[in-house]
Amino acid sequence: GSVLFLFTWKLKFQSSHWEGTRPLTLPEAVYLLSQILTTVGYGDITPAFPRGQVWVGFNVILALCLYGSIICEVIGVVGERLAKAFAENSGIACARQPNQPMRDWRAELEVTYTPLIQSAGSFLGTAFIGVLFWHYYPGEGKTWLQAVYMSVITLSTVGFGAFNATTEGGKVFGAFWMLVGVATLGALISTFIQTMME
């Protein structure tokens, strides 16, 4: 709440979207915060003066700490699952008892791809929604290839800044789309690693 207050009332920003410096509107502030939280960083809205630059810098550090915390949680969950999987598979009997069936290695080596397919579907669906939005939304009007490029670069958190939201509606959409899209990419990467480890 206090960050939104500072961005919309106190700090001055500059952008290629307007002339001069001014505080942000609420959609612009949410859009910029989403860029910071997802580490996309298009660079289309930046603090105009040193005080604001320092304040935004501290917000970036805080966002990275929050992301680090989330990554640690994800690594912990993946680590627990891997430990459980290894513990279940480490009970190999050295000597077979009479009348004991042989181990079914094919069944044990069978990998389920369902979670990976679901995660990939979520990510591709989110990216596809972005492509449609950036191409069709009035005022955004990216070509199909520009919309695909913008979607992939944004959701991968690279954010080169060659293309960014140019309308108020685009900034509102982008703010929420970035958060959802980065989460679906994280889920895809996590399930990919988990599937490869099985």
# chains A, B, ... in the order shown; residues from 1 in each chain; ligands from 1
$ select_by_dssp --residues "stretch 75-195 of chain A" --states "alpha helix (DSSP H)" --output "ChimeraX atom specification"
/A:75-89,105-109,114-136,144-155,168-195
$ residues_around --residues "A:Trp9" --least-positions-apart "2" --cutoff "10 Å" --atoms "only C-alpha atoms" --output "PyMOL selection string"
chain A and resi 3-7+11-12+22-26
$ closest_residue --among "A:Trp18, A:Val40, A:Ser2, A:Thr191" --to "A:Ile117" --atoms "only C-alpha atoms"
A:Thr191
$ residues_around --residues "A:Gly41" --least-positions-apart "3" --cutoff "10 Å" --atoms "only C-alpha atoms" --output "PyMOL selection string"
chain A and resi 32-38+44-46+154+157-161+164
$ write_last_selection --atoms "all heavy atoms" --output "compact mmCIF listing (two decimals), in the first residue's frame"
# COMPACT_ATOMS: atom_id res chain seq x y z
N LEU A 32 4.23 -1.12 -13.13
CA LEU A 32 5.65 -1.03 -12.78
C LEU A 32 5.99 -2.01 -11.66
O LEU A 32 7.02 -2.69 -11.71
CB LEU A 32 6.01 0.40 -12.36
CG LEU A 32 7.47 0.61 -11.95
CD1 LEU A 32 8.43 0.26 -13.09
CD2 LEU A 32 7.70 2.05 -11.51
N LEU A 33 5.13 -2.12 -10.65
CA LEU A 33 5.38 -3.06 -9.56
C LEU A 33 5.41 -4.50 -10.07
O LEU A 33 6.21 -5.32 -9.60
CB LEU A 33 4.33 -2.90 -8.46
CG LEU A 33 4.54 -1.68 -7.56
CD1 LEU A 33 3.35 -1.48 -6.64
CD2 LEU A 33 5.83 -1.83 -6.76
N SER A 34 4.55 -4.82 -11.03
CA SER A 34 4.57 -6.17 -11.61
C SER A 34 5.87 -6.42 -12.35
O SER A 34 6.43 -7.51 -12.29
CB SER A 34 3.39 -6.37 -12.56
OG SER A 34 2.19 -6.40 -11.84
N GLN A 35 6.38 -5.40 -13.03
CA GLN A 35 7.68 -5.54 -13.70
C GLN A 35 8.77 -5.80 -12.67
O GLN A 35 9.67 -6.61 -12.88
CB GLN A 35 8.02 -4.28 -14.49
CG GLN A 35 7.23 -4.10 -15.75
CD GLN A 35 7.73 -2.88 -16.52
OE1 GLN A 35 8.93 -2.69 -16.67
NE2 GLN A 35 6.81 -2.09 -17.02
N ILE A 36 8.70 -5.08 -11.55
CA ILE A 36 9.71 -5.24 -10.50
C ILE A 36 9.60 -6.63 -9.87
O ILE A 36 10.60 -7.34 -9.74
CB ILE A 36 9.57 -4.13 -9.44
CG1 ILE A 36 9.97 -2.78 -10.04
CG2 ILE A 36 10.42 -4.46 -8.21
CD1 ILE A 36 9.64 -1.58 -9.16
N LEU A 37 8.38 -7.06 -9.51
CA LEU A 37 8.19 -8.35 -8.85
C LEU A 37 8.56 -9.52 -9.74
O LEU A 37 9.07 -10.52 -9.27
CB LEU A 37 6.75 -8.50 -8.36
CG LEU A 37 6.38 -7.69 -7.14
CD1 LEU A 37 4.89 -7.78 -6.86
CD2 LEU A 37 7.17 -8.17 -5.93
N THR A 38 8.28 -9.40 -11.03
CA THR A 38 8.59 -10.50 -11.95
C THR A 38 9.97 -10.37 -12.56
O THR A 38 10.38 -11.23 -13.33
CB THR A 38 7.54 -10.57 -13.08
OG1 THR A 38 7.54 -9.33 -13.80
CG2 THR A 38 6.16 -10.86 -12.54
N ASP A 44 10.40 1.00 -19.67
CA ASP A 44 9.59 2.05 -20.28
C ASP A 44 9.12 3.09 -19.27
O ASP A 44 8.76 4.19 -19.65
CB ASP A 44 8.40 1.46 -21.04
CG ASP A 44 7.48 0.62 -20.18
OD1 ASP A 44 7.96 0.01 -19.19
OD2 ASP A 44 6.29 0.54 -20.50
N ILE A 45 9.14 2.76 -17.98
CA ILE A 45 8.83 3.72 -16.92
C ILE A 45 9.97 3.66 -15.92
O ILE A 45 10.27 2.59 -15.36
CB ILE A 45 7.49 3.38 -16.23
CG1 ILE A 45 6.33 3.42 -17.23
CG2 ILE A 45 7.23 4.34 -15.07
CD1 ILE A 45 5.00 2.98 -16.66
N THR A 46 10.62 4.80 -15.68
CA THR A 46 11.75 4.84 -14.75
C THR A 46 11.64 6.05 -13.84
O THR A 46 11.05 7.06 -14.21
CB THR A 46 13.09 4.91 -15.52
OG1 THR A 46 13.08 6.07 -16.36
CG2 THR A 46 13.32 3.67 -16.36
N THR A 154 8.58 -11.48 -22.16
CA THR A 154 8.01 -11.02 -20.89
C THR A 154 7.87 -12.17 -19.91
O THR A 154 8.31 -12.08 -18.76
CB THR A 154 6.63 -10.37 -21.12
OG1 THR A 154 6.80 -9.24 -21.97
CG2 THR A 154 6.01 -9.92 -19.81
N THR A 157 10.82 -13.44 -18.14
CA THR A 157 11.34 -12.37 -17.27
C THR A 157 12.58 -11.70 -17.84
O THR A 157 13.29 -11.01 -17.11
CB THR A 157 11.60 -12.81 -15.81
OG1 THR A 157 12.77 -13.59 -15.74
CG2 THR A 157 10.42 -13.55 -15.22
N VAL A 158 12.84 -11.89 -19.13
CA VAL A 158 13.98 -11.20 -19.74
C VAL A 158 13.65 -9.73 -19.94
O VAL A 158 14.39 -8.85 -19.53
CB VAL A 158 14.39 -11.87 -21.07
CG1 VAL A 158 15.45 -11.06 -21.79
CG2 VAL A 158 14.88 -13.28 -20.79
N GLY A 159 12.51 -9.45 -20.58
CA GLY A 159 12.03 -8.07 -20.73
C GLY A 159 13.00 -7.12 -21.39
O GLY A 159 13.40 -6.13 -20.79
N PHE A 160 13.39 -7.38 -22.63
CA PHE A 160 14.33 -6.50 -23.32
C PHE A 160 13.82 -5.07 -23.43
O PHE A 160 14.59 -4.14 -23.47
CB PHE A 160 14.63 -7.03 -24.72
CG PHE A 160 15.51 -8.24 -24.74
CD1 PHE A 160 15.16 -9.33 -25.49
CD2 PHE A 160 16.67 -8.28 -23.99
CE1 PHE A 160 15.98 -10.45 -25.52
CE2 PHE A 160 17.49 -9.39 -24.01
CZ PHE A 160 17.13 -10.48 -24.78
N GLY A 161 12.52 -4.87 -23.53
CA GLY A 161 11.97 -3.53 -23.62
C GLY A 161 11.74 -3.05 -25.03
O GLY A 161 11.34 -1.90 -25.24
N ASN A 164 6.50 -2.96 -25.31
CA ASN A 164 5.88 -2.93 -24.00
C ASN A 164 4.46 -2.40 -24.15
O ASN A 164 4.05 -2.00 -25.23
CB ASN A 164 6.71 -2.10 -23.01
CG ASN A 164 7.09 -0.76 -23.58
OD1 ASN A 164 6.23 0.00 -24.01
ND2 ASN A 164 8.38 -0.47 -23.62
$ closest_residue --among "A:Leu145, A:Val30, A:Leu116, A:Ala87" --to "A:Met178" --atoms "only C-alpha atoms"
A:Val30
$ residues_around --residues "stretch 70-76 of chain A" --least-positions-apart "3" --cutoff "12 Å" --atoms "only C-alpha atoms" --output "NGL selection string"
:A and (37-38 or 63-67 or 79-83 or 183 or 186-187 or 189-191 or 193-194)
$ atom_distance --atom1 "atom CA of A:Ile153" --atom2 "atom CA of A:Gly125"
15.3 Å
$ select_by_dssp --residues "stretch 2-67 of chain A" --states "strand (DSSP E)" --output "list in words"
Phe13, Gln14, Ser15, Ile45, Thr46 and Pro47 of chain A
$ closest_residue --among "A:Gln118, A:Gln14, A:Thr166, A:Ser151" --to "A:Gly181" --atoms "only C-alpha atoms"
A:Ser151
$ closest_residue --among "A:Phe123, A:Trp134, A:Tyr149, A:Phe128" --to "A:Thr184" --atoms "only C-alpha atoms"
A:Phe123
$ atom_distance --atom1 "atom CA of A:Tyr42" --atom2 "atom CA of A:Ala29"
13.7 Å
